[in-house]
Structures are given as structure tokens and as C-alpha cells.
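Before any comments, here is the structure.
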Amino acid sequence: MSSRDPQYDVLFEPVRIGPVTAKNRFYQVPHCTGLGWLRPRMVAALRGMKAEGGWAVVCTEYCSIHPASDDLPHPYASLWDRGDVKAHALMTEQVHAHGALAGVELWYGGARTANLFTNEVAVDVSSRPNAIGAPYQTRRMDKSDIRELRRWHRNAALRAKEAGFDVVYVYATHGYLLSNFLSARTNTRTDQYGGCLENRVRLVRELIEDTKDAVGDKCAVAVRFAADAGGGADGDPVIGEQREMLALLAEYPDLWDINIKDYSYEMGVSRFVKEGALEAYMSYVKSITTKPVVTVGRFTSPDTMVSQVKRGIVDFIGAARPSIADPFLPKKIEDGRTEDICECIGCNVCYIGDSKSVPIRCTQNPTISEEWRRGWHPEKIAPKGSDSTVLVIGAGPAGLEAARALGRRGYQVLLAEAERRLGGRITREAALPGLSEWARVRDYRVQQIQAMANVETYRDSTMEANDVLDVGADHIVVATGARWRADGVGRFNDTPLTEFGPPAQIFTPDDIMKGRVPEGATVVFDDDHYYMGSVVAERLRAEGVPVTLVTPENTVSAWGEYTYEQVRIHRRLLELDVHIITAHGLTAYDGRNALICCIYTGHVQSIAAEAVVTVTARNPDDALYRTLERRIDAGIGDTSRSLARIGDCEAPAIIASAVFSGHRYARELDTVVNPDNRIKYDRVFFEGG
Ligand SMILES: Cc1cc2nc3c(=O)[nH]c(=O)nc-3n(C[C@H](O)[C@H](O)[C@H](O)COP(=O)(O)O)c2cc1C
Ligand code: SF4
């Protein structure tokens, strides 16, 4: 029986959306999974898990209506033929099994798709260059193209209905075809689809009407639409014509799914954007339409959600990332277990799946994408396979997650941490500029562990090999992390720099995180290419240190492109007066000058610097593991015990990998795993027509 706090009751009211009713206000907005049409069983199980977790509406990712809208290598969904209908039916069945509605975001990419896979010509409002840099242009749509597009959309809607969807989208934002028709800037047509506002909204209105006509008896029609015209400062929207457009279309669809023009703000990383950031953009929306409204804002606090509903800003709490980090978020609120919510940290690692065409993963939720292929459930885990005791050494992200999941399985767990504070790299990194929300990785796990009588935590407990063996645990798992290198070795330099010193003027991110900060002009050599180089630079600027950031990549924080934060990072560094030098590697430093070398020409230049910070590679902190391995191999102590290393101690990587590694260790202990094939492989259906 539900024991939720009555103040959250409003979140569990049913809401009518045209011909269907959502059982509560929790709405998983469309989001990619890196699975799309390529992995139907994996995506079905992933969405089904959200429904099981209490989301009343669970949507697909963007779903192509026709081969002329192909976005590979980014794995979109598709509704092109009967095979697709069959694939989507796997999802809708699982969503319906838990009393939720299934939504599909019908999509035509226009100038944002080059159709590299299908080789079809993309069409758009005019002959426009591909918007994401491919050397292709669209064909300007003539009347027959518009008729064809409407037919494709209608047919896709019919297939959606056949596949069992309850909510069918017209997708009119995010720079895809329909936004180009809406915008006065991009729509230069002089026919009935261009010019005045009524003409520019015509195609969207026709698609809403077509979709209602085709499937409106059974399916609700939703429109995804931007509340602002773009170009405003963060949180200070320029609404422009969007208000009038919304007014013209206000009562046509059954639901408005409202977002904004700037995707890097809508889906902003927590370093730059906080919870509920779209509120200012939403100020007018509910006053214009009587239809239910959903928006997003990385909502993880039930109090914020209630406030948004009660103040009349939204009817539904839309979520992509919070539903990825914790598919059971609604259920936990309903069950009065808000302290068990695993809150999204706003790192956007989940976006890498789409960017790199691989299954979505999440820093907080190691089970995402593993529901079908490994049979992992975020809230359920097999009971222990023996009465063994497990000693986990190191309480960073891997060690904490291993201890949490082993504890859930019922093992007797001893968690030893050398420092007073738990969290390892999480605690250190969360103190860097903008990263405070990352502490949630630690806090969630510590909070869970503290409630388990079978997990004992020992702080200030540096363990030598003898101490470890003396504990007598059946299983030893070493999670001692990694340390940044100070010798220049990384991607650019394979071997330690020979002219590099003096040591007192060389710093690593570990030094900066410990508070050992240089005082004079400093070169930050970022050969890591993710966030660390830029946050170190930001930290130094906060101390007034002049910084030159040097990177062998062509852009700052190049990997940040995959997490959709690269542009914001670059902007932040420019605002902070960080001098940026791209396409150069560090080759030497003598205490006064750093020598850097152009990756293209080999040309060397000298930069005066009183210090260098090397953000290059890390060394696994695995000395304890290796000593234990030798001792156990030599038969010293009880050789029946197992020894493993996890997380950065095994292979330094992103935090999500450390959490995954700890989780996998816990899942697999005392189970039989086929070493040649740990996972099931998903494949598409083929059925023409
Ligand atoms: C991994 C990922 C994939 C996304 N894919 C889509 C998509 O296919 N279609 C879409 O309209 N929005 C997509 N979005 C944007 C989300 O719908 C949402 O607007 C954004 O993430 C902000 O909501 P949140 O703060 O709840 O994450 C995606 C977001 C994420 C994190
Ligand atoms: S990867 Fe990061 S941003 Fe994405 S859902 Fe997980 S915690 Fe949130």
C-alpha cells in the first residue's frame, strides 16, 4: 500500500490527454537510447522498466517516418515498415503491462539529416545546407513534396497505432524540418507555406489534423514545440513569434510538450544549468492553451515538481535524464521512499550513446541498457550465492557501488576507506567548479549502505597486504582508484618527457584538488580531452592565476561534444580569459618556458610559464592489488579466497565506468558467467511491407 507524503498527492492525479488518460503526472519525454531501430529488444526492455517504475507516459526516441529521414550513425527509431511495427509492439506491450501509455515521436529531419545510410535526398523548406556540417544540401519542397511528406507522416501514424502507441507526436522543434517552416529566418517561401505567421504554421497544423484524422480515435496527438525564439541570455528568454504561433495552434493537439531553442540549455549539464531552468520560458504557455502541458528541467526533487504543478506552470513533470538515472523515481515518491531516489547528476554521459552510436549508459544507473541483454533490473538483484564475506578496499565510485549492490544481495561486506571522507574521486571532483551535483554519486550510495546492517564501513583505514589477509574475508575486491600522471605521458607523449621540471612547478589535477595550486602564469596541458582540463583551468582562474590551456585536439574538451557541453565549456573559458591554444602538444618545460609543438607542422613555440598542470593520463593505484596477487599466488595465507580489482584501479575511465565495474562485480559474484559471451546480442527483425 502506498505511504506517500500527502503533499505529493497532486503528482499522482490522472490527467486526460485527448482520448487517453495518463495515470499520473510523470512523463518520460522522448529521449534516445543509442539503440533505436537497431536493438528492438533492448529498447523495449529499457522503456518497459520506466513503466514498471511508475512513469505514466513513456516515449520513444525520435522516430523516422520515412527513409528520407535517416540519421545514422545516430541510432533513431523508425516506423517505415511492418518490421518496425513488430519491433515497436515489443515496447508498447511492455509499457502497457504496467498501466502506462506509450508515446512515439514521429520525426522528419530535413536539413539536419544527410541520409548517409539510405542515400535518399532530404527535403526541407528551401534548398538548405546540411545543418550539422555534411557537404549535402536539401531539395526545396514543392507542393508534391509537401503532399508526400503529409502522406508519409500519416502512414507512420497509422503504423504507430498498429504498433500500440497511445500518444503520437508532431515534432516541431530542435532545428528539424518543421522548425524551419515555422521560423521567419529559415522560411523564405512565398507560397502558402511561407511569409505570414498563418502560412508558416500551416504545415504543422496540417500534420496535427492529418494525425488526428488518421489515429485520433485511439491516440492522443502531442506537439513538441519551442517556447522561445532563441538568442536570449540563459534563463532570460526572447519569446518572439513563438507566443503567437502557439496561440494559433493552441487547441489543435491534445498535449503540448514544450522545450526551448537552445539544446545546450534545455539538456544542460549541471556544471552550467540547474534544476527547473526552463521555468522562465514557460511563463505564458499555460495561459494560451487549455490542453495539458509538459516540460523538462532535470527534475529530481518532488518538492520542485509539486511546486511547478501547483503554480500552474505544467500539468506533467517531463523527464529524460531523471528517468534514466532512476527509472523508479515515481514509484519511490509514491511509496514514500524519496530518500531512495537515485538523482541524476547532470553529467550527460547518457548522451554519449546517441553521439557514438552505442547503448546508452548512465553514471548513476549502471543497469540502463542491460535490462534485456544482461537481465539487470535497477531495483532487483539476486540474493547472495553463498555466506561469504567480501572485503571492499576503497570507497570511491566503484567500491561504493560494489558495497551497495553486494549489500543488497545480502553478503557480509566490509568496506575499508583510507581517508576520513568517503567517495574517493567523487568527493575530490565534486569540489571543483560547477561539479557539486556529482556528489550525488557518493551520497546516494552512502545513504543506501548506511541503512544496511550487513555492510560495515571503516574510515581512516589504510590497508597493507598483511592487514587485508588478516581480515580473512572470502573475497577481496580492490577499488583503490588511480592518480594523475606528472610526467607528461598521455595520448600525445608515449614516454615520459625528459626535459620536464622542476617537480615543484609541475602539478596534476590531484594537486589542484588537494588545494596545491600554482601562483604564477600556468600552462594547463589538456591531453585528456574531457571536462578535467577545463575545470582545472576554471579553478585556477578563480585564484587569479593566468592560464594558457594547450590541447593537441582541435577544440577545447573535444570529448565534451558527445556530452553536448563542448560549446559551453569553450565559452566559459573565453569568458574567464583563459588563453586557448589548440592542436599543440607539450614537449618540454624547464621551469621558465613550456615548449609546445604544432600537431600538423611540428613547429615548436615557447610559452613563458611559472607552472605546468598535466591533465594527461592516470596510473591505476594498483600496488596493493599486485602485492596481494603475488602473495596469494605464492600460497601465502588462505589461497581459496578470490581477488579482484574494479574501477579506475583496473582501468582508469569515466565515473560511469567505475560505477558499472563495481556493479558488475557485485552482480557476478558466485554466479557462472560465460567468459566468451557475457551478453545476449540483439538484432533487428526483417519484415518488408
Ligand atoms: C540521451 C538523450 C537523448 C535525447 N533524445 C531526444 C530525442 O530523440 N528527441 C527529443 O525530442 N529530445 C531528446 N532529448 C531531449 C530530452 O527530451 C529533454 O528535452 C532534455 O533531456 C531535457 O530534459 P531532462 O532535463 O529531463 O533530461 C534527449 C535527451 C537525452 C538526455
Ligand atoms: S548519465 Fe548523468 S546526466 Fe545522464 S541520466 Fe545519468 S546521471 Fe543523469
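Letters A, B, ... go to the chains of the C-alpha cells in the order shown; residues in each chain start at 1; ligands are counted from 1 in the same order.
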
Could you list, as a list in words, all residues that come within 7 Å of ligand 1? Count only C-alpha atoms and all ligand atoms.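 Final answer, ordered by chain and number: Val29, Pro30, His31, Cys32, Thr33, Glu61, Tyr62, Asn259, Glu266, Met267, Val296, Gly297, Arg298, Phe299, Gly318, Ala319, Ala320, Arg321, Pro322, Asn348, Cys350, Tyr351, Gly353 and Asp354 of chain A.
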
Non-local contacts of stretch 459-471 of chain A (7 Å; only C-alpha atoms; under 3 positions in same chain excluded) as a list of chain:residue names: A:Ala416, A:Glu417, A:Ala418, A:Glu419, A:Arg420, A:Leu624, A:Thr627, A:Leu628, A:Gly637

Put those residues in a file: C-alpha atoms, as a PDB file, in the first residue's frame.
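File written: result.pdb
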ATOM      1  CA  ALA A 416      37.579  -0.003   4.081  1.00  0.00           C
ATOM      2  CA  GLU A 417      38.496   3.538   3.060  1.00  0.00           C
ATOM      3  CA  ALA A 418      41.916   5.073   3.633  1.00  0.00           C
ATOM      4  CA  GLU A 419      40.533   8.577   4.066  1.00  0.00           C
ATOM      5  CA  ARG A 420      38.103  10.022   6.569  1.00  0.00           C
ATOM      6  CA  LEU A 624      48.040  -3.289  -3.183  1.00  0.00           C
ATOM      7  CA  THR A 627      51.104  -7.374  -3.867  1.00  0.00           C
ATOM      8  CA  LEU A 628      48.040  -9.383  -2.880  1.00  0.00           C
ATOM      9  CA  GLY A 637      47.538 -17.113   3.507  1.00  0.00           C
TER      10      GLY A 637
END

Give the answer as one residue: which of A:Arg483, A:Lys291, A:Arg271, A:Arg667 has the shortest atom-to-atom distance to ligand 2, using only C-alpha atoms and all ligand atoms?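 So, comparing all the options, the nearest one is A:Arg271.
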
Can you build me a table of chain A residues sitting at most 9 Å from ligand 2, with the closest atom pair per residue and its distance in Å to one decimal, using only C-alpha atoms and all ligand atoms, sorted by chain and residue number, as a tab-separated table?
residue	atom	partner	partner_atom_place_in_ligand_line	distance
A:Met267	CA	ligand 2	3 (S)	8.7
A:Gly268	CA	ligand 2	3 (S)	8.9
A:Val269	CA	ligand 2	3 (S)	7.0
A:Ser270	CA	ligand 2	3 (S)	8.1
A:Arg298	CA	ligand 2	8 (Fe)	8.1
A:Ala320	CA	ligand 2	5 (S)	7.4
A:Arg321	CA	ligand 2	5 (S)	3.9
A:Pro322	CA	ligand 2	5 (S)	5.7
A:Ser323	CA	ligand 2	5 (S)	7.1
A:Ile324	CA	ligand 2	5 (S)	4.7
A:Ala325	CA	ligand 2	5 (S)	4.3
A:Asp326	CA	ligand 2	5 (S)	7.9
A:Cys342	CA	ligand 2	7 (S)	8.7
A:Glu343	CA	ligand 2	7 (S)	7.0
A:Cys344	CA	ligand 2	8 (Fe)	3.7
A:Ile345	CA	ligand 2	7 (S)	4.3
A:Gly346	CA	ligand 2	3 (S)	3.7
A:Cys347	CA	ligand 2	2 (Fe)	4.0
A:Asn348	CA	ligand 2	3 (S)	3.7
A:Val349	CA	ligand 2	1 (S)	4.0
A:Cys350	CA	ligand 2	1 (S)	4.0
A:Tyr351	CA	ligand 2	4 (Fe)	6.7
A:Ile352	CA	ligand 2	1 (S)	8.6
A:Ile360	CA	ligand 2	1 (S)	8.4
A:Arg361	CA	ligand 2	1 (S)	6.3
A:Cys362	CA	ligand 2	1 (S)	3.6
A:Thr363	CA	ligand 2	1 (S)	4.6
A:Gln364	CA	ligand 2	7 (S)	4.9
A:Asn365	CA	ligand 2	6 (Fe)	6.3
A:Pro366	CA	ligand 2	6 (Fe)	8.9
A:Trp438	CA	ligand 2	7 (S)	8.3
A:Arg440	CA	ligand 2	7 (S)	8.9
A:Val441	CA	ligand 2	7 (S)	8.3
A:Thr563	CA	ligand 2	3 (S)	8.7
A:Ala656	CA	ligand 2	1 (S)	7.5

Stretch 470-654 of chain A: which residues are strand (DSSP E or B) by DSSP, as a PyMOL selection string? chain A and resi 475-478+482-484+500+506-507+522-526+547-550+579-581+584-589+593-598+604-608+611-615+618-620+642-645

Write to file, as a compact mmCIF listing (two decimals), in the first residue's frame, the residues of the selection just made, with N, CA and C atoms.
# COMPACT_ATOMS: atom_id res chain seq x y z
N HIS A 475 36.30 -13.02 -0.08
CA HIS A 475 36.54 -12.33 -1.36
C HIS A 475 37.15 -10.95 -1.06
N ILE A 476 38.16 -10.62 -1.85
CA ILE A 476 38.81 -9.31 -1.68
C ILE A 476 38.65 -8.56 -3.00
N VAL A 477 38.12 -7.36 -2.93
CA VAL A 477 38.00 -6.58 -4.16
C VAL A 477 38.65 -5.22 -3.92
N VAL A 478 39.61 -4.92 -4.79
CA VAL A 478 40.42 -3.72 -4.61
C VAL A 478 39.88 -2.62 -5.53
N ALA A 482 42.89 5.68 -9.05
CA ALA A 482 44.03 5.99 -9.92
C ALA A 482 44.53 7.38 -9.57
N ARG A 483 45.75 7.67 -10.00
CA ARG A 483 46.35 9.01 -9.76
C ARG A 483 46.80 9.60 -11.09
N TRP A 484 46.63 10.89 -11.22
CA TRP A 484 47.06 11.56 -12.45
C TRP A 484 48.58 11.54 -12.56
N PHE A 500 61.70 18.04 -18.17
CA PHE A 500 60.41 18.37 -17.57
C PHE A 500 60.59 18.60 -16.08
N ILE A 506 55.57 21.44 -11.33
CA ILE A 506 54.69 20.56 -12.10
C ILE A 506 53.52 20.16 -11.19
N PHE A 507 52.34 20.29 -11.71
CA PHE A 507 51.13 20.00 -10.93
C PHE A 507 50.28 19.00 -11.71
N THR A 522 50.33 29.91 -15.69
CA THR A 522 50.36 28.44 -15.73
C THR A 522 49.87 27.93 -17.07
N VAL A 523 50.55 26.89 -17.55
CA VAL A 523 50.06 26.16 -18.73
C VAL A 523 49.32 24.93 -18.24
N VAL A 524 48.06 24.82 -18.64
CA VAL A 524 47.31 23.58 -18.37
C VAL A 524 47.38 22.78 -19.67
N PHE A 525 48.04 21.63 -19.61
CA PHE A 525 48.16 20.80 -20.80
C PHE A 525 47.06 19.74 -20.75
N ASP A 526 46.02 19.94 -21.56
CA ASP A 526 44.87 19.03 -21.54
C ASP A 526 45.00 17.99 -22.64
N VAL A 547 46.06 31.69 -17.08
CA VAL A 547 46.09 30.31 -17.59
C VAL A 547 46.14 30.29 -19.11
N THR A 548 47.05 29.46 -19.63
CA THR A 548 47.03 29.10 -21.04
C THR A 548 46.69 27.62 -21.11
N LEU A 549 45.58 27.30 -21.80
CA LEU A 549 45.21 25.89 -21.95
C LEU A 549 45.69 25.41 -23.31
N VAL A 550 46.51 24.37 -23.29
CA VAL A 550 47.06 23.81 -24.53
C VAL A 550 46.49 22.41 -24.71
N HIS A 579 43.63 31.71 -22.06
CA HIS A 579 44.22 31.74 -23.41
C HIS A 579 44.23 30.30 -23.93
N ILE A 580 43.62 30.08 -25.09
CA ILE A 580 43.45 28.71 -25.58
C ILE A 580 44.36 28.48 -26.79
N ILE A 581 45.14 27.41 -26.74
CA ILE A 581 45.95 27.03 -27.90
C ILE A 581 45.59 25.58 -28.25
N HIS A 584 48.16 21.59 -30.37
CA HIS A 584 49.55 21.61 -29.92
C HIS A 584 49.75 20.64 -28.76
N GLY A 585 50.90 19.99 -28.78
CA GLY A 585 51.26 19.10 -27.68
C GLY A 585 52.42 19.68 -26.89
N LEU A 586 52.49 19.28 -25.62
CA LEU A 586 53.56 19.76 -24.75
C LEU A 586 54.78 18.85 -24.92
N THR A 587 55.96 19.46 -25.14
CA THR A 587 57.14 18.62 -25.35
C THR A 587 58.23 18.83 -24.29
N ALA A 588 58.22 19.97 -23.60
CA ALA A 588 59.26 20.19 -22.59
C ALA A 588 58.87 21.37 -21.69
N TYR A 589 59.51 21.40 -20.51
CA TYR A 589 59.32 22.53 -19.59
C TYR A 589 60.58 22.63 -18.73
N ASN A 593 59.94 28.19 -19.21
CA ASN A 593 59.23 28.16 -20.50
C ASN A 593 58.73 26.76 -20.81
N ALA A 594 57.52 26.70 -21.34
CA ALA A 594 56.99 25.42 -21.83
C ALA A 594 57.13 25.41 -23.34
N LEU A 595 57.61 24.29 -23.87
CA LEU A 595 57.70 24.18 -25.33
C LEU A 595 56.50 23.37 -25.82
N ILE A 596 55.82 23.94 -26.81
CA ILE A 596 54.68 23.22 -27.38
C ILE A 596 54.87 23.10 -28.88
N CYS A 597 54.28 22.03 -29.43
CA CYS A 597 54.58 21.67 -30.81
C CYS A 597 53.28 21.49 -31.59
N CYS A 598 53.22 22.09 -32.77
CA CYS A 598 52.01 22.00 -33.61
C CYS A 598 51.84 20.57 -34.11
N VAL A 604 57.64 24.40 -33.31
CA VAL A 604 57.71 24.50 -31.85
C VAL A 604 57.67 25.96 -31.44
N GLN A 605 56.87 26.25 -30.40
CA GLN A 605 56.89 27.61 -29.83
C GLN A 605 57.03 27.51 -28.32
N SER A 606 57.48 28.63 -27.75
CA SER A 606 57.77 28.65 -26.32
C SER A 606 56.76 29.57 -25.62
N ILE A 607 56.27 29.13 -24.46
CA ILE A 607 55.34 29.95 -23.68
C ILE A 607 55.94 30.14 -22.29
N ALA A 608 56.08 31.40 -21.88
CA ALA A 608 56.60 31.65 -20.52
C ALA A 608 55.57 31.15 -19.51
N ALA A 611 54.41 27.54 -14.05
CA ALA A 611 53.98 26.19 -13.65
C ALA A 611 53.29 25.52 -14.82
N VAL A 612 53.25 24.19 -14.76
CA VAL A 612 52.51 23.39 -15.75
C VAL A 612 51.61 22.43 -14.99
N VAL A 613 50.36 22.33 -15.45
CA VAL A 613 49.47 21.30 -14.90
C VAL A 613 49.27 20.26 -16.00
N THR A 614 49.59 19.01 -15.72
CA THR A 614 49.44 17.96 -16.73
C THR A 614 48.11 17.24 -16.50
N VAL A 615 47.21 17.41 -17.46
CA VAL A 615 45.93 16.66 -17.42
C VAL A 615 46.06 15.66 -18.57
N ARG A 618 46.32 8.65 -16.36
CA ARG A 618 46.35 8.28 -14.95
C ARG A 618 47.01 6.93 -14.78
N ASN A 619 47.63 6.76 -13.64
CA ASN A 619 48.19 5.45 -13.28
C ASN A 619 47.22 4.76 -12.33
N PRO A 620 46.82 3.52 -12.65
CA PRO A 620 45.99 2.80 -11.69
C PRO A 620 46.72 2.69 -10.35
N SER A 642 39.08 -15.22 -3.22
CA SER A 642 39.19 -14.62 -4.56
C SER A 642 39.66 -13.18 -4.43
N LEU A 643 40.33 -12.76 -5.47
CA LEU A 643 40.88 -11.40 -5.50
C LEU A 643 40.47 -10.74 -6.82
N ALA A 644 39.98 -9.53 -6.75
CA ALA A 644 39.60 -8.81 -7.98
C ALA A 644 39.93 -7.33 -7.81
N ARG A 645 40.03 -6.64 -8.92
CA ARG A 645 40.16 -5.17 -8.87
C ARG A 645 39.08 -4.60 -9.77

For A:Leu203: contacts at 9 Å, only C-alpha atoms, fewer than 3 positions along chain excluded, given as a ChimeraX atom specification: /A:146,150,178,181-182,193,199-200,206-208

Residues from the last selection, C-alpha atoms, saved as an mmCIF file, in the first residue's frame:
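Written output follows (result_32.cif):
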data_model
loop_
_atom_site.group_PDB
_atom_site.id
_atom_site.type_symbol
_atom_site.label_atom_id
_atom_site.label_comp_id
_atom_site.auth_asym_id
_atom_site.auth_seq_id
_atom_site.Cartn_x
_atom_site.Cartn_y
_atom_site.Cartn_z
ATOM 1 C CA ILE A 146 4.608 18.568 -49.103
ATOM 2 C CA ARG A 150 1.968 14.526 -45.200
ATOM 3 C CA LEU A 178 9.105 21.715 -39.058
ATOM 4 C CA PHE A 181 8.960 26.005 -41.718
ATOM 5 C CA LEU A 182 7.989 27.896 -38.542
ATOM 6 C CA TYR A 193 3.619 27.774 -46.609
ATOM 7 C CA ASN A 199 1.323 30.366 -43.569
ATOM 8 C CA ARG A 200 4.407 29.314 -41.627
ATOM 9 C CA GLU A 206 -1.940 20.159 -41.306
ATOM 10 C CA LEU A 207 0.176 17.419 -39.751
ATOM 11 C CA ILE A 208 -1.710 17.723 -36.464
#

I'd like the neighbourhood of A:Arg409 as a short mmCIF file (atom, residue, chain, number, x, y, z; two decimals) with N, CA and C atoms, in the first residue's frame, where a residue qualifies if any of its atoms comes within 7 Å (using only C-alpha atoms), though same-chain residues fewer than 3 positions away should be ignored.
data_model
loop_
_atom_site.label_atom_id
_atom_site.label_comp_id
_atom_site.auth_asym_id
_atom_site.auth_seq_id
_atom_site.Cartn_x
_atom_site.Cartn_y
_atom_site.Cartn_z
N ILE A 381 17.89 -7.56 -7.43
CA ILE A 381 19.18 -8.21 -7.63
C ILE A 381 19.11 -9.58 -6.95
N ALA A 382 19.79 -10.55 -7.53
CA ALA A 382 19.69 -11.91 -6.99
C ALA A 382 20.24 -11.98 -5.57
N PRO A 383 19.64 -12.82 -4.73
CA PRO A 383 20.21 -12.98 -3.39
C PRO A 383 21.61 -13.57 -3.47
N LYS A 384 22.34 -13.44 -2.40
CA LYS A 384 23.74 -13.90 -2.38
C LYS A 384 23.82 -15.39 -2.75
N ALA A 405 25.66 -2.85 -3.89
CA ALA A 405 24.98 -3.95 -4.58
C ALA A 405 25.23 -5.29 -3.87
N LEU A 406 26.44 -5.48 -3.35
CA LEU A 406 26.71 -6.71 -2.58
C LEU A 406 25.86 -6.73 -1.32
#
